[in-house]
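The structure appears below as structure tokens.
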Amino acid sequence: MKLFNRFKKTEKTGLDSTVASEEILENGQAGSGNEDIETDLSLHSQWTLTQEQEYVFRFLANELEPLKPNQISLSGIDIDLEPANDSWLVKAFFRSSLDQAITVGEIELLLLDEEGNTAASAEFDLNELGEIPARSARPWVFVFEKKDQLTEEIPATNWKLAFNVHSMMPHQLELAPSWEEQLPAEQKEALAEVVNGLPKLKPREVNIAGFQIQSQDDDTIAASVFVRNGHSKQINIEKLPLELIDATGDLVARGTFDLNPPLSVKANSTTPWTFIYPKELIKKDEPDFSRWTIRVPQDATN
């Protein structure tokens with residue numbers, strides 16, 4: 001069965017999510033003006049529809065609220081479960097109020113429940129939608145596989161399909177709330193400068209770079225690192241094995257850190273964090289920290 005055959009209902013359970021075109025398009029513009037712009041139904045050229053299916057599409061498209069100038073929107077319709085593999089089939093209109101046709105590349109989409117919590121997230125190549133004509137609404141089915149789902153239940157009502165605009169932004173420093181509250185402005189600026197000077201990440205690369213280490217009075221070692229995320233989607237780290245190597249190449253400490261709540265690193269972002277090795281995990285009494293490395297043990301990646 002073609003995915004578009006899933007469009008049979010004329011009742012929407014989803015809401016709209018709208019951004020200014022400049023947030024996801026290189027040649028986009030900030031929304032301006034209060035003009036109401038109606039979007040006309042636009043069907044993919046490779047879709048062959050029955051009269052009943054086309055009626056459903058036109059009915060749903062005619063019910064959509066107008067957009068403002070230079071906006072792009074995802075208007076949720078409903079969600080089906082694919083029993084064969086437990087995928088969620090999220091049906092929505094991709095809408096544009098721009099005066100010219102557009103195409104969109106890869107971007108992360110978030111499925112948000114009624115409370116705004118992320119129920120699923122995945123990267124999509126929106127080139128598959130084809131060229132979106134000016135002032136139009138194109139129906140599509142966005143498939144979230146089991147691995148993309150963060151909750152057990154499919155959102156029932158008032159859910160949204162949203163662009164993760166953060167995934168389109170240049171790589172930048174992103175502080176955890178506790179760091180944001182505690183660090184003075186000059187330290188935040190210094191960290192941002194260090195992050196900007198780090199080697200560029202490859203697409204979807206995640207790595208760890210140490211930037212400060214200290215042996216403490218209670219015989220623990222505090223290692224501060226940058227967790228760097230080159231993905232176009234957020235990562236959540238619940239458990240992280242790390243080994244500490246000094247200038248002589250000796251193993252200084254090794255342990256696995258349980259992070260509760262998980263350490264969240266947003267798309268295309270670097271987040272600093274401090275890991276403290278307790279005394280019982282330290283293998284060398286007088287390490288040489290004139291140079292040092294912190295890394296995930298090789299046997300942990302096998």
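Residues are referred to by chain and number: the chain letter is A, B, ... according to the order shown in the structure tokens, the number counts from 1 in that chain, and ligands are numbered separately from 1 in the order shown.
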Filtered DSSP result for region 80-290 of chain A, state strand (DSSP E or B), as a PyMOL selection string = chain A and resi 80-82+87-96+102+106-112+118-125+132+136-144+149+159-163+172-173+206-215+221-229+235-245+251-265+269-277+282
For Arg254 (chain A): contacts at 9 Å, only C-alpha atoms, fewer than 2 positions along chain excluded, given as a list of chain:residue names | A:Pro241, A:Leu242, A:Glu243, A:Leu244, A:Leu251, A:Val252, A:Thr256, A:Tyr277, A:Leu281, A:Ile282, A:Lys283, A:Pro297
Take the residues from that selection and write them out as a CSV table (one decimal), in the first residue's frame, keeping C-alpha atoms.
chain,number,residue,atom,x,y,z
A,241,PRO,CA,32.8,5.2,30.1
A,242,LEU,CA,35.9,7.4,30.2
A,243,GLU,CA,39.6,6.8,30.7
A,244,LEU,CA,42.2,9.4,31.6
A,251,LEU,CA,46.4,5.2,32.5
A,252,VAL,CA,45.5,7.6,35.4
A,256,THR,CA,31.8,4.6,33.8
A,277,TYR,CA,36.9,10.4,39.3
A,281,LEU,CA,39.0,4.7,40.3
A,282,ILE,CA,42.4,6.3,40.2
A,283,LYS,CA,45.3,4.1,39.1
A,297,PRO,CA,38.0,3.2,26.1
Out of A:Thr220, A:Gln149, A:Thr270, A:Asn260, which residue has the shortest atom-to-atom distance to Gly197 (chain A) when counting only C-alpha atoms?
-> A:Thr270
Write down as JSON, numbers by chain the residues belonging to region 110-288 of chain A that are assigned helix (DSSP H, G or I) by DSSP computed on the backbone.
-> {"A": [126, 127, 128, 129, 146, 147, 148, 165, 166, 167, 168, 177, 178, 179, 180, 181, 182, 185, 186, 187, 188, 189, 190, 191, 192, 193, 194, 195, 196, 197, 279, 280, 281]}
Which residue out of A:Lys160, A:Lys147, A:Lys284, A:Arg295 has the minimum interatomic distance to Val206 (chain A) when only C-alpha atoms are used?
->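 Nearest candidate to Val206 (chain A) out of A:Lys160, A:Lys147, A:Lys284, A:Arg295: A:Arg295.
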Atomic separation - CA of Thr271 (chain A) relative to CA of Ala176 (chain A), Å |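 About the pair CA of Ala176 (chain A) and CA of Thr271 (chain A): they are 6.9 Å apart.
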